[in-house]
file coords.cif (mmCIF, C-alpha atoms)
data_input
loop_
_atom_site.label_atom_id
_atom_site.label_comp_id
_atom_site.auth_asym_id
_atom_site.auth_seq_id
_atom_site.Cartn_x
_atom_site.Cartn_y
_atom_site.Cartn_z
CA MET T 1 19.46 16.98 -12.70
CA SER T 2 21.10 13.65 -12.16
CA ALA T 3 24.59 12.71 -13.19
CA PRO T 4 24.51 10.58 -16.35
CA ASN T 5 25.51 7.35 -14.63
CA GLU T 6 23.02 7.88 -11.82
CA LYS T 7 20.38 8.63 -14.41
CA SER T 8 20.96 5.47 -16.40
CA ASP T 9 21.00 3.53 -13.17
CA VAL T 10 17.58 4.85 -12.22
CA HIS T 11 16.39 4.46 -15.77
CA SER T 12 17.13 0.73 -15.77
CA LEU T 13 14.09 0.42 -13.48
CA ILE T 14 11.71 1.51 -16.24
CA GLY T 15 10.41 -2.01 -16.93
CA ALA T 16 9.80 -2.69 -13.25
CA TYR T 17 8.16 0.73 -12.94
CA VAL T 18 5.72 0.10 -15.75
CA LEU T 19 4.91 -3.34 -14.34
CA ASP T 20 4.28 -1.82 -10.86
CA ALA T 21 7.06 -4.01 -9.49
CA LEU T 22 8.74 -1.23 -7.50
CA ASP T 23 8.21 -0.46 -3.84
CA ASP T 24 6.87 2.98 -2.98
CA ILE T 25 10.23 4.58 -2.41
CA ASP T 26 11.69 3.39 -5.72
CA ARG T 27 8.47 4.38 -7.42
CA ALA T 28 8.68 7.90 -6.02
CA SER T 29 12.28 8.29 -7.13
CA PHE T 30 11.39 6.97 -10.57
CA ASP T 31 8.52 9.45 -10.80
CA ARG T 32 11.04 12.17 -10.08
CA HIS T 33 13.32 10.78 -12.78
CA LEU T 34 10.45 10.91 -15.27
CA ARG T 35 9.71 14.53 -14.44
CA GLU T 36 13.27 15.41 -15.38
CA CYS T 37 13.49 13.34 -18.54
CA GLU T 38 11.13 13.89 -21.44
CA SER T 39 12.37 10.97 -23.54
CA CYS T 40 12.07 8.62 -20.57
CA ARG T 41 8.47 9.73 -20.14
CA LEU T 42 7.79 8.86 -23.75
CA GLU T 43 9.35 5.46 -23.30
CA ALA T 44 7.29 4.80 -20.16
CA ASP T 45 4.09 5.89 -21.92
CA GLU T 46 4.85 3.52 -24.78
CA LEU T 47 5.47 0.64 -22.42
CA PHE T 48 2.21 1.37 -20.60
CA GLU T 49 0.48 0.77 -23.94
CA VAL T 50 2.14 -2.65 -23.98
CA THR T 51 0.92 -3.53 -20.49
CA ALA T 52 -2.55 -2.40 -21.57
CA ARG T 53 -2.42 -5.18 -24.13
CA LEU T 54 -1.42 -7.64 -21.44
CA ALA T 55 -4.47 -6.45 -19.51
CA ASP T 56 -6.62 -7.16 -22.56
CA GLY T 57 -5.63 -10.77 -22.21
CA ALA T 58 -7.15 -10.96 -18.74
CA TRP T 59 -10.76 -10.49 -19.76
CA SER T 60 -13.47 -11.75 -17.42
CA VAL T 61 -17.16 -10.88 -17.00
CA PRO T 62 -17.72 -8.99 -13.76
CA PRO T 63 -20.65 -9.83 -11.50
CA PRO T 64 -23.73 -8.00 -12.87
CA ARG T 65 -24.25 -6.07 -9.62
CA LEU T 66 -20.89 -4.35 -10.10
CA ARG T 67 -22.36 -2.09 -12.77
CA ASP T 68 -25.19 -0.90 -10.52
CA ASN T 69 -22.84 -0.40 -7.62
CA VAL T 70 -20.37 1.62 -9.66
CA LEU T 71 -23.06 3.77 -11.26
CA ALA T 72 -24.64 4.43 -7.86
CA GLU T 73 -21.25 5.36 -6.48
CA ILE T 74 -20.33 7.82 -9.23
CA GLY T 75 -23.69 9.52 -8.69
CA LYS T 76 -22.36 10.74 -5.36
CA THR T 77 -18.70 11.16 -6.27
CA ARG T 78 -17.40 14.59 -7.11
CA GLN T 79 -14.99 14.74 -10.05
CA LEU T 80 -11.55 16.27 -9.81
CA PRO T 81 -10.91 19.37 -11.89
CA PRO T 82 -8.27 19.10 -14.64
CA ALA T 83 -4.68 19.30 -13.47
CA ILE T 84 -3.25 22.78 -13.64
CA PRO T 85 0.45 22.91 -14.48
CA PRO T 86 2.25 23.08 -11.14
CA ARG T 87 3.51 26.43 -9.98
CA ALA T 88 6.78 26.54 -8.14
CA GLN T 89 5.95 26.17 -4.47
CA PRO T 90 8.01 28.13 -1.99
CA ARG T 91 9.92 25.69 0.16
CA SER T 92 7.91 24.85 3.16
CA ARG T 93 7.90 26.61 6.46
CA ARG T 94 9.37 25.20 9.62
CA GLY T 95 10.84 22.18 7.97
CA LEU T 96 7.45 20.78 7.08
CA ARG T 97 8.28 17.52 5.41
CA LEU T 98 5.69 15.74 3.42
CA VAL T 99 6.42 12.18 2.53
CA ALA T 100 3.99 10.06 0.60
CA ALA T 101 6.61 7.44 -0.05
CA ALA T 102 6.56 6.53 3.58
CA ALA T 103 3.69 4.18 2.85
CA ALA T 104 5.98 1.27 2.16
CA VAL T 105 7.80 1.93 5.36
CA VAL T 106 4.61 2.11 7.35
CA ALA T 107 3.85 -1.29 5.94
CA ALA T 108 6.89 -2.55 7.82
CA VAL T 109 5.34 -1.62 11.14
CA GLY T 110 2.18 -3.42 10.22
CA ALA T 111 -0.35 -0.60 10.31
CA GLY T 112 -2.27 -2.38 7.58
CA SER T 113 -5.37 -0.32 7.09
CA ALA T 114 -3.58 2.96 7.47
CA VAL T 115 -1.12 1.89 4.83
CA TYR T 116 -3.85 1.24 2.40
CA GLN T 117 -5.42 4.61 3.06
CA ILE T 118 -2.15 6.35 2.35
CA GLN T 119 -1.41 4.32 -0.76
CA ASP T 120 -4.89 5.04 -1.90
CA GLN T 121 -4.35 8.70 -1.44
CA ARG T 122 -1.05 8.55 -3.24
CA VAL T 123 -2.55 7.01 -6.29
CA ARG T 124 -5.23 9.68 -6.33
CA ASP T 125 -3.09 12.57 -5.68
CA ALA T 126 -0.31 13.36 -8.08
CA GLN T 127 0.61 16.33 -5.96
CA SER T 128 1.55 14.13 -3.05
CA ARG T 129 3.80 12.15 -5.36
CA LEU T 130 5.49 15.38 -6.20
CA GLU T 131 6.04 16.00 -2.53
CA ALA T 132 7.37 12.51 -2.11
CA ALA T 133 10.23 13.42 -4.36
CA GLN T 134 11.43 16.00 -1.90
CA ALA T 135 10.93 13.76 1.05
CA SER T 136 13.23 13.10 3.85
CA GLU T 137 12.74 9.41 3.48
CA ALA T 138 15.64 8.33 5.62
CA ARG T 139 14.34 10.07 8.72
CA VAL T 140 10.87 8.65 8.32
CA ARG T 141 12.33 5.23 7.77
CA SER T 142 14.48 5.42 10.88
CA ILE T 143 11.47 6.40 13.02
CA LEU T 144 9.05 3.88 11.58
CA GLY T 145 11.72 1.19 11.65
CA ALA T 146 12.66 1.80 15.30
CA PRO T 147 12.23 -1.29 17.48
CA ASP T 148 10.08 0.59 20.00
CA VAL T 149 7.81 2.34 17.51
CA GLN T 150 4.20 2.66 18.61
CA THR T 151 1.43 3.38 16.17
CA ARG T 152 -1.96 4.84 16.98
CA SER T 153 -4.69 5.78 14.61
CA GLU T 154 -7.92 7.79 14.78
CA GLN T 155 -10.68 8.58 12.32
CA LEU T 156 -11.03 12.17 11.18
CA LYS T 157 -14.52 13.50 11.84
CA SER T 158 -14.31 15.08 8.38
CA GLY T 159 -13.58 11.65 6.85
CA GLY T 160 -10.28 9.84 6.64
CA ARG T 161 -7.67 8.86 9.11
CA VAL T 162 -4.70 10.17 11.03
CA THR T 163 -1.97 7.77 12.12
CA VAL T 164 0.79 8.70 14.56
CA SER T 165 3.91 6.60 14.97
CA SER T 166 6.28 7.54 17.72
CA SER T 167 9.62 6.21 18.97
CA ARG T 168 11.31 7.11 22.24
CA LEU T 169 14.62 5.76 20.99
CA GLN T 170 14.49 8.16 18.06
CA ASN T 171 12.84 10.82 20.22
CA ALA T 172 10.65 11.60 17.26
CA GLY T 173 7.41 10.66 15.60
CA VAL T 174 5.61 10.76 12.30
CA ILE T 175 2.10 12.09 11.73
CA MET T 176 0.43 10.58 8.68
CA LEU T 177 -2.71 12.34 7.61
CA ALA T 178 -4.90 10.80 4.93
CA ALA T 179 -8.16 12.69 4.62
CA ASP T 180 -10.83 11.59 2.19
CA ASP T 181 -10.92 15.08 0.73
CA ALA T 182 -9.27 18.43 1.12
CA PRO T 183 -11.25 20.96 3.21
CA ALA T 184 -13.37 23.64 1.55
CA ALA T 185 -11.60 26.47 -0.27
CA GLY T 186 -9.76 28.79 2.07
CA ARG T 187 -9.39 26.07 4.72
CA VAL T 188 -6.52 23.75 5.46
CA TYR T 189 -5.74 20.82 7.71
CA GLN T 190 -3.43 21.77 10.53
CA MET T 191 -1.56 19.41 12.85
CA TRP T 192 -0.90 20.16 16.52
CA THR T 193 1.13 18.60 19.27
CA ILE T 194 -0.21 19.07 22.78
CA GLN T 195 1.97 19.11 25.86
CA ALA T 196 0.56 19.83 29.31
CA GLY T 197 -2.60 21.11 27.67
CA ALA T 198 -0.72 23.62 25.52
CA PRO T 199 -1.00 23.14 21.75
CA ALA T 200 1.83 23.93 19.35
CA SER T 201 1.52 23.80 15.58
CA ALA T 202 3.20 20.87 13.88
CA GLY T 203 2.54 22.36 10.45
CA ALA T 204 -0.36 22.95 8.13
CA LEU T 205 -1.17 21.42 4.78
CA ARG T 206 -1.74 23.60 1.78
CA GLU T 207 -5.14 24.44 0.40
CA GLY T 208 -6.49 21.55 -1.61
CA GLN T 209 -4.14 19.09 0.01
CA SER T 210 -5.54 16.05 1.77
CA ALA T 211 -2.57 13.85 2.61
CA ALA T 212 0.71 14.47 4.34
CA VAL T 213 3.42 12.77 6.33
CA GLN T 214 5.06 14.98 8.91
CA VAL T 215 8.13 14.27 11.03
CA VAL T 216 7.91 15.75 14.53
CA GLU T 217 11.10 15.79 16.59
CA GLY T 218 10.55 15.31 20.31
CA LEU T 219 7.09 13.85 19.80
CA PRO T 220 7.33 11.19 22.55
CA ALA T 221 7.37 13.99 25.15
CA MET T 222 3.95 15.17 23.97
CA SER T 223 0.67 13.88 25.33
CA ASN T 224 -1.54 14.23 22.25
CA VAL T 225 -1.63 14.99 18.56
CA GLY T 226 -4.62 16.99 17.35
CA ILE T 227 -5.93 17.81 13.89
CA THR T 228 -8.08 20.85 13.14
CA ILE T 229 -9.35 22.55 10.03
CA GLU T 230 -8.15 26.16 10.04
CA ARG T 231 -8.28 29.19 7.84
CA ALA T 232 -5.48 29.05 5.22
CA PRO T 233 -2.55 29.31 5.32
CA GLU T 234 -2.38 28.33 9.00
CA SER T 235 -3.43 29.46 12.43
CA ALA T 236 -1.26 30.46 15.38
CA THR T 237 -3.52 28.62 17.81
CA PRO T 238 -6.24 26.09 17.19
CA THR T 239 -9.50 27.97 16.63
CA ALA T 240 -11.63 25.18 15.26
CA PRO T 241 -12.99 22.13 17.09
CA LEU T 242 -10.78 19.05 16.95
CA ASP T 243 -11.21 16.94 13.85
CA ALA T 244 -9.27 14.14 15.53
CA LEU T 245 -7.32 13.67 18.72
CA VAL T 246 -4.68 10.96 19.07
CA ASN T 247 -3.73 10.13 22.63
CA LEU T 248 -0.04 9.29 22.89
CA ALA T 249 0.02 8.38 26.56
CA MET P 1 -14.04 22.37 -71.52
CA ALA P 2 -14.88 19.52 -69.29
CA GLU P 3 -17.39 17.03 -70.49
CA ARG P 4 -20.54 16.91 -68.55
CA GLY P 5 -19.69 13.89 -66.58
CA VAL P 6 -21.83 15.27 -63.85
CA GLY P 7 -24.77 13.23 -65.06
CA ASP P 8 -23.21 10.00 -63.86
CA ARG P 9 -22.80 11.34 -60.39
CA PRO P 10 -25.46 10.69 -57.89
CA GLU P 11 -27.21 13.75 -56.63
CA TYR P 12 -25.87 13.19 -53.17
CA LEU P 13 -22.87 11.26 -52.15
CA THR P 14 -23.86 8.45 -49.88
CA PRO P 15 -22.40 9.20 -46.50
CA VAL P 16 -20.03 6.62 -45.13
CA PRO P 17 -22.08 4.64 -42.63
CA ALA P 18 -21.23 5.68 -39.10
CA PRO P 19 -19.24 2.94 -37.46
CA GLU P 20 -21.83 1.79 -34.94
CA THR P 21 -19.54 -0.97 -33.77
CA VAL P 22 -17.11 -0.36 -30.94
CA PRO P 23 -17.29 3.01 -29.21
CA ASP P 24 -13.97 4.78 -28.82
CA ALA P 25 -12.71 4.72 -25.26
CA GLY P 26 -10.90 8.04 -25.71
CA LEU P 27 -14.00 9.91 -26.86
CA LEU P 28 -16.02 8.39 -24.05
CA LEU P 29 -13.43 9.23 -21.44
CA ALA P 30 -13.28 12.81 -22.69
CA SER P 31 -17.06 13.06 -22.21
CA VAL P 32 -16.79 11.45 -18.80
CA ALA P 33 -14.28 14.14 -17.84
CA ARG P 34 -17.06 16.67 -18.45
CA GLY P 35 -19.39 14.83 -16.10
CA ASP P 36 -21.35 12.83 -18.68
CA GLU P 37 -22.81 9.88 -16.76
CA LYS P 38 -24.28 8.26 -19.89
CA ALA P 39 -20.84 8.19 -21.47
CA PHE P 40 -19.54 6.67 -18.29
CA GLY P 41 -22.08 3.85 -18.59
CA ARG P 42 -20.86 3.09 -22.09
CA LEU P 43 -17.25 3.31 -21.02
CA TYR P 44 -18.07 0.92 -18.20
CA ASP P 45 -19.45 -1.62 -20.64
CA LEU P 46 -16.37 -1.28 -22.77
CA VAL P 47 -13.69 -1.63 -20.13
CA ALA P 48 -15.21 -3.22 -17.02
CA PRO P 49 -14.61 -6.83 -18.11
CA ARG P 50 -10.95 -6.07 -18.66
CA VAL P 51 -10.59 -4.06 -15.46
CA TYR P 52 -12.30 -6.79 -13.46
CA GLY P 53 -10.39 -9.53 -15.26
CA LEU P 54 -7.05 -7.89 -14.65
CA VAL P 55 -7.70 -7.12 -11.01
CA ARG P 56 -9.02 -10.61 -10.47
CA ARG P 57 -6.05 -12.17 -12.13
CA VAL P 58 -3.71 -10.30 -9.79
CA LEU P 59 -5.75 -10.72 -6.60
CA ARG P 60 -7.33 -14.11 -7.34
CA ASP P 61 -10.08 -13.68 -4.75
CA PRO P 62 -13.24 -12.75 -6.72
CA ALA P 63 -14.84 -10.88 -3.82
CA GLN P 64 -11.78 -8.75 -3.32
CA ALA P 65 -11.41 -8.27 -7.05
CA GLU P 66 -14.95 -6.95 -7.22
CA GLU P 67 -14.22 -4.49 -4.45
CA VAL P 68 -11.02 -3.22 -6.06
CA ALA P 69 -12.57 -3.12 -9.54
CA GLN P 70 -15.31 -0.92 -8.13
CA GLU P 71 -12.74 1.41 -6.60
CA VAL P 72 -10.87 1.57 -9.90
CA LEU P 73 -13.95 2.37 -11.96
CA VAL P 74 -15.10 5.06 -9.56
CA GLU P 75 -11.56 6.42 -9.65
CA VAL P 76 -11.78 6.60 -13.45
CA TRP P 77 -14.89 8.73 -13.04
CA ARG P 78 -13.31 10.88 -10.35
CA THR P 79 -10.04 11.57 -12.12
CA ALA P 80 -11.13 11.46 -15.77
CA ALA P 81 -10.08 15.09 -16.27
CA ARG P 82 -6.52 14.12 -15.34
CA TRP P 83 -6.13 11.82 -18.32
CA ASP P 84 -3.80 13.38 -20.86
CA PRO P 85 -4.52 12.05 -24.36
CA ASP P 86 -1.09 13.21 -25.51
CA ARG P 87 0.53 10.74 -23.17
CA GLY P 88 -1.36 7.62 -24.01
CA SER P 89 -4.60 5.87 -24.84
CA ALA P 90 -7.61 5.95 -22.55
CA THR P 91 -7.48 2.21 -22.06
CA ALA P 92 -3.79 2.25 -21.12
CA TRP P 93 -4.56 4.95 -18.56
CA ILE P 94 -7.47 2.99 -17.11
CA PHE P 95 -5.53 -0.28 -16.92
CA MET P 96 -2.62 1.55 -15.34
CA ILE P 97 -4.91 2.67 -12.53
CA ALA P 98 -6.41 -0.81 -12.27
CA HIS P 99 -3.08 -2.58 -12.12
CA ARG P 100 -1.61 -0.18 -9.63
CA ARG P 101 -4.63 -0.49 -7.36
CA ALA P 102 -4.53 -4.26 -7.53
CA VAL P 103 -0.82 -4.33 -6.74
CA ASP P 104 -1.25 -1.84 -3.91
CA ARG P 105 -3.84 -4.17 -2.44
CA VAL P 106 -1.48 -7.14 -2.74
CA ARG P 107 1.30 -5.21 -1.02
CA ALA P 108 -0.95 -3.94 1.75
CA GLU P 109 -2.13 -7.48 2.35
CA GLN P 110 1.37 -8.84 2.38
CA ALA P 111 2.21 -6.20 4.92
CA ALA P 112 -0.80 -7.15 6.99
CA GLY P 113 0.13 -10.80 6.65
CA ASP P 114 -3.32 -12.04 5.76
CA ARG P 115 -2.70 -12.89 2.15
CA VAL P 116 -2.70 -16.59 2.95
CA ALA P 117 -6.08 -16.40 4.62
CA ARG P 118 -7.58 -14.90 1.49
CA VAL P 119 -6.38 -17.55 -0.92
CA GLY P 120 -8.85 -20.06 0.53
CA ALA P 121 -11.71 -18.00 -0.79
CA ALA P 122 -10.29 -17.94 -4.31
CA SER P 123 -11.79 -21.25 -5.34
CA VAL P 124 -15.37 -19.98 -5.00
CA ASP P 125 -16.14 -19.20 -8.61
CA THR P 126 -19.46 -18.05 -9.93
CA PRO P 127 -21.04 -19.56 -13.07
CA TYR P 128 -20.68 -16.44 -15.20
CA ASP P 129 -16.92 -16.72 -14.81
CA GLU P 130 -16.95 -19.96 -16.73
CA VAL P 131 -19.08 -18.42 -19.42
CA ALA P 132 -16.71 -15.51 -19.53
CA ASP P 133 -13.75 -17.76 -20.12
CA GLU P 134 -15.58 -19.33 -23.04
CA VAL P 135 -16.57 -16.05 -24.59
CA ALA P 136 -13.29 -14.30 -23.88
CA VAL P 137 -11.79 -12.27 -26.64
CA ARG P 138 -9.82 -15.11 -28.09
CA LEU P 139 -8.13 -13.24 -30.83
CA GLU P 140 -6.71 -10.70 -28.49
CA ARG P 141 -5.52 -13.42 -26.16
CA GLN P 142 -3.95 -15.34 -28.98
CA GLN P 143 -2.10 -12.28 -30.12
CA VAL P 144 -0.77 -11.50 -26.66
CA ARG P 145 0.05 -15.14 -26.04
CA HIS P 146 1.85 -15.42 -29.32
CA CYS P 147 3.93 -12.36 -28.53
CA LEU P 148 4.73 -13.63 -25.05
CA GLU P 149 6.12 -16.74 -26.70
CA VAL P 150 8.52 -14.62 -28.68
CA LEU P 151 10.25 -13.61 -25.44
CA THR P 152 13.05 -15.53 -23.83
CA GLU P 153 11.96 -17.59 -20.88
CA VAL P 154 13.41 -15.24 -18.29
CA GLN P 155 11.89 -12.20 -20.01
CA ARG P 156 8.50 -13.85 -20.10
CA GLU P 157 8.64 -15.03 -16.52
CA ALA P 158 9.85 -11.66 -15.27
CA VAL P 159 7.07 -9.79 -17.07
CA THR P 160 4.24 -12.15 -16.20
CA LEU P 161 5.20 -12.73 -12.57
CA ALA P 162 5.20 -8.99 -12.03
CA PHE P 163 2.20 -8.11 -14.14
CA TYR P 164 -0.24 -10.94 -13.58
CA GLN P 165 0.80 -11.90 -10.07
CA GLY P 166 1.76 -8.54 -8.64
CA HIS P 167 5.23 -9.56 -7.50
CA SER P 168 7.82 -6.86 -6.87
CA TYR P 169 11.06 -7.15 -8.80
CA PRO P 170 13.03 -8.33 -5.75
CA GLN P 171 10.39 -11.04 -5.30
CA VAL P 172 10.72 -11.98 -8.96
CA SER P 173 14.48 -12.13 -8.55
CA GLU P 174 13.98 -14.49 -5.62
CA LEU P 175 11.47 -16.66 -7.46
CA LEU P 176 13.59 -17.00 -10.59
CA ARG P 177 16.89 -17.13 -8.71
CA VAL P 178 18.22 -14.48 -11.02
CA PRO P 179 20.20 -11.44 -9.79
CA LEU P 180 18.32 -8.15 -9.33
CA PRO P 181 20.02 -6.24 -12.18
CA THR P 182 19.18 -9.09 -14.54
CA VAL P 183 15.53 -9.01 -13.53
CA LYS P 184 15.38 -5.25 -14.08
CA SER P 185 16.82 -5.52 -17.55
CA ARG P 186 14.72 -8.58 -18.50
CA MET P 187 11.58 -6.69 -17.55
CA ARG P 188 12.57 -3.81 -19.74
CA ASP P 189 13.82 -5.92 -22.68
CA GLY P 190 10.75 -8.11 -22.43
CA LEU P 191 8.37 -5.17 -22.63
CA ILE P 192 10.27 -3.67 -25.55
CA ARG P 193 10.17 -6.95 -27.42
CA LEU P 194 6.45 -7.26 -26.69
CA ARG P 195 5.92 -3.76 -27.98
CA ASP P 196 7.67 -4.60 -31.23
CA CYS P 197 5.60 -7.74 -31.62
CA LEU P 198 2.27 -6.06 -30.80
CA THR P 199 2.79 -2.72 -32.49
CA PRO P 200 1.15 -3.37 -35.89
CA GLU P 201 -2.10 -4.18 -34.08
CA VAL P 202 -1.84 -1.08 -31.92
CA ALA P 203 -1.79 1.03 -35.06
CA ALA P 204 -4.75 -0.77 -36.59
#

call {"tool": "encode", "arguments": {"input": "coords.cif", "output": "structure tokens"}}
result
Amino acid sequence: MSAPNEKSDVHSLIGAYVLDALDDIDRASFDRHLRECESCRLEADELFEVTARLADGAWSVPPPRLRDNVLAEIGKTRQLPPAIPPRAQPRSRRGLRLVAAAAAVVAAVGAGSAVYQIQDQRVRDAQSRLEAAQASEARVRSILGAPDVQTRSEQLKSGGRVTVSSSRLQNAGVIMLAADDAPAAGRVYQMWTIQAGAPASAGALREGQSAAVQVVEGLPAMSNVGITIERAPESATPTAPLDALVNLA
Amino acid sequence: MAERGVGDRPEYLTPVPAPETVPDAGLLLASVARGDEKAFGRLYDLVAPRVYGLVRRVLRDPAQAEEVAQEVLVEVWRTAARWDPDRGSATAWIFMIAHRRAVDRVRAEQAAGDRVARVGAASVDTPYDEVADEVAVRLERQQVRHCLEVLTEVQREAVTLAFYQGHSYPQVSELLRVPLPTVKSRMRDGLIRLRDCLTPEVAA
């Protein structure tokens, strides 16, 4: 719970929040504020009704083909199940840090398409917003903002993208995983660093999770980052074929 | 001891005619959440012009707007079960997704630095757009426009620059040459004043 003055300070952003005028980091902290404050949530919901009226004013006939395209698309799009009230998650193993809010920071290094993927994911995935609240934003920012940061990106064979940013000056890197979908039940995405041919786990996502941002200390000394789909909760060594391999050399 | 007034009563009460007019977005969205594709088609017809119009207003480029509008509408299908009617109307939820998507696209483009390149394409308008502007729901627009006029100039500018043009609040502060805290509070005050002006219609 925030101190009253801190709370009111955050709360003053409510207008900008509802108008989507916040950057990702402010948005994540405001989301956290809303989770802690019932009356603020009510106020935000009310103001969203106001912006809906502003949207009404922007009426324009879409191209006729849009309807066909959308209907064709939903025919092959699986629907999400209803949200189940979140259970308390045990704090993560091995300092696994998941940061959705890093998207804005990634933008600063100019990884345009990857940014969009992650933002996309964030909008879809309320869970990742929840994670963002607990994020170690400062560390991610320092790595992605380093002058020597190098960014590499690969497609996941299962659909989606993994982006690795690494800085020698910071002696650390960030793995950003944005899969199109979570793996089948009982399976999870797992991240690996590979040094001299020997893989070491860099953390696994939870079941049902499709996006993560993971800080890896010492990453510049590694030769590759690999992604596999393993049996939940995680595997000691990679047992499945690589879903993606990012070459750091 | 009641008189037999029954005789004056018709045998059957005439049922109130079912309002065949505008389908309710909330009922449709609830059906969509259960996988009803027909309901989705009707919901599409109800909200697509506003989704497309909003996204287009923010992005300006019609081709890009079409792409983002498609993403938004598919997203509505995909996440329909996540809409919580206790928290707000179906349309507010849909426009929230639409606006956020449009703004995310603006920000991603600004990051990629190719926003300028896109603006050139914005002038290519298709004939149905002109028709649309003619047919547009004038009453609604008048109402919103009237209420926007009730705001102070800074409130109005702060709200519209953010909402219709997708500017972040530091960008708005820069554009209006007004300090950040002032922009924050004008956005909030402006929305509250708008709410008070629009509320009777919301209830109707």

call {"tool": "atom_distance", "arguments": {"input": "coords.cif", "atom1": "atom CA of P:Asp61", "atom2": "atom CA of P:Ala158"}}
result
22.6 Å

call {"tool": "closest_atom_pairs", "arguments": {"input": "coords.cif", "of": "chain T", "to": "chain P", "cutoff": "6 Å", "atoms": "all atoms listed in the file", "output": "Markdown table"}}
result
| residue | atom | partner | partner_atom | distance |
| --- | --- | --- | --- | --- |
| T:Leu13 | CA | P:Lys184 | CA | 5.8 |
| T:Gly15 | CA | P:Arg188 | CA | 4.0 |
| T:Leu19 | CA | P:Phe163 | CA | 5.5 |
| T:Ala21 | CA | P:Ser168 | CA | 3.9 |
| T:Leu22 | CA | P:Ser168 | CA | 5.7 |
| T:Glu49 | CA | P:Ala92 | CA | 5.3 |
| T:Val50 | CA | P:Arg195 | CA | 5.6 |
| T:Ala52 | CA | P:Ala92 | CA | 4.8 |
| T:Ala55 | CA | P:Leu54 | CA | 5.7 |
| T:Asp56 | CA | P:Arg50 | CA | 5.9 |
| T:Gly57 | CA | P:Arg141 | CA | 4.8 |
| T:Ala58 | CA | P:Gly53 | CA | 5.0 |
| T:Trp59 | CA | P:Arg50 | CA | 4.6 |
| T:Ser60 | CA | P:Gly53 | CA | 4.4 |
| T:Val61 | CA | P:Pro49 | CA | 4.9 |
| T:Pro62 | CA | P:Pro49 | CA | 5.8 |
| T:Val70 | CA | P:Gln70 | CA | 5.9 |
| T:Ile74 | CA | P:Val74 | CA | 5.9 |
| T:Gln79 | CA | P:Arg78 | CA | 4.2 |
| T:Leu80 | CA | P:Thr79 | CA | 5.5 |
| T:Pro82 | CA | P:Ala81 | CA | 4.7 |
| T:Ala83 | CA | P:Arg82 | CA | 5.8 |
| T:Ala107 | CA | P:Ala111 | CA | 5.3 |
| T:Gly110 | CA | P:Ala112 | CA | 5.8 |
| T:Gly112 | CA | P:Ala112 | CA | 5.0 |
| T:Tyr116 | CA | P:Ala108 | CA | 6.0 |

call {"tool": "write_last_selection", "arguments": {"input": "coords.cif", "atoms": "C-alpha atoms", "output": "PDB file, in the coordinates of the input"}}
result
ATOM      1  CA  LEU T  13      14.090   0.420 -13.480  1.00  0.00           C
ATOM      2  CA  GLY T  15      10.410  -2.010 -16.930  1.00  0.00           C
ATOM      3  CA  LEU T  19       4.910  -3.340 -14.340  1.00  0.00           C
ATOM      4  CA  ALA T  21       7.060  -4.010  -9.490  1.00  0.00           C
ATOM      5  CA  LEU T  22       8.740  -1.230  -7.500  1.00  0.00           C
ATOM      6  CA  GLU T  49       0.480   0.770 -23.940  1.00  0.00           C
ATOM      7  CA  VAL T  50       2.140  -2.650 -23.980  1.00  0.00           C
ATOM      8  CA  ALA T  52      -2.550  -2.400 -21.570  1.00  0.00           C
ATOM      9  CA  ALA T  55      -4.470  -6.450 -19.510  1.00  0.00           C
ATOM     10  CA  ASP T  56      -6.620  -7.160 -22.560  1.00  0.00           C
ATOM     11  CA  GLY T  57      -5.630 -10.770 -22.210  1.00  0.00           C
ATOM     12  CA  ALA T  58      -7.150 -10.960 -18.740  1.00  0.00           C
ATOM     13  CA  TRP T  59     -10.760 -10.490 -19.760  1.00  0.00           C
ATOM     14  CA  SER T  60     -13.470 -11.750 -17.420  1.00  0.00           C
ATOM     15  CA  VAL T  61     -17.160 -10.880 -17.000  1.00  0.00           C
ATOM     16  CA  PRO T  62     -17.720  -8.990 -13.760  1.00  0.00           C
ATOM     17  CA  VAL T  70     -20.370   1.620  -9.660  1.00  0.00           C
ATOM     18  CA  ILE T  74     -20.330   7.820  -9.230  1.00  0.00           C
ATOM     19  CA  GLN T  79     -14.990  14.740 -10.050  1.00  0.00           C
ATOM     20  CA  LEU T  80     -11.550  16.270  -9.810  1.00  0.00           C
ATOM     21  CA  PRO T  82      -8.270  19.100 -14.640  1.00  0.00           C
ATOM     22  CA  ALA T  83      -4.680  19.300 -13.470  1.00  0.00           C
ATOM     23  CA  ALA T 107       3.850  -1.290   5.940  1.00  0.00           C
ATOM     24  CA  GLY T 110       2.180  -3.420  10.220  1.00  0.00           C
ATOM     25  CA  GLY T 112      -2.270  -2.380   7.580  1.00  0.00           C
ATOM     26  CA  TYR T 116      -3.850   1.240   2.400  1.00  0.00           C
TER      27      TYR T 116
END

call {"tool": "closest_residue", "arguments": {"input": "coords.cif", "among": "T:Gly159, T:Gly218, T:Pro199, T:Gly208", "to": "T:Ala236", "atoms": "only C-alpha atoms"}}
result
T:Pro199

call {"tool": "atom_distance", "arguments": {"input": "coords.cif", "atom1": "atom CA of T:Val164", "atom2": "atom CA of T:Arg32"}}
result
26.9 Å

call {"tool": "atom_distance", "arguments": {"input": "coords.cif", "atom1": "atom CA of T:Ala198", "atom2": "atom CA of T:Arg168"}}
result
20.7 Å

call {"tool": "residues_around", "arguments": {"input": "coords.cif", "residues": "T:Leu169", "least_positions_apart": "2", "cutoff": "9 Å", "atoms": "all atoms listed in the file", "output": "MDAnalysis selection string"}}
result
chainID T and resid 143 146:149 167 171:172
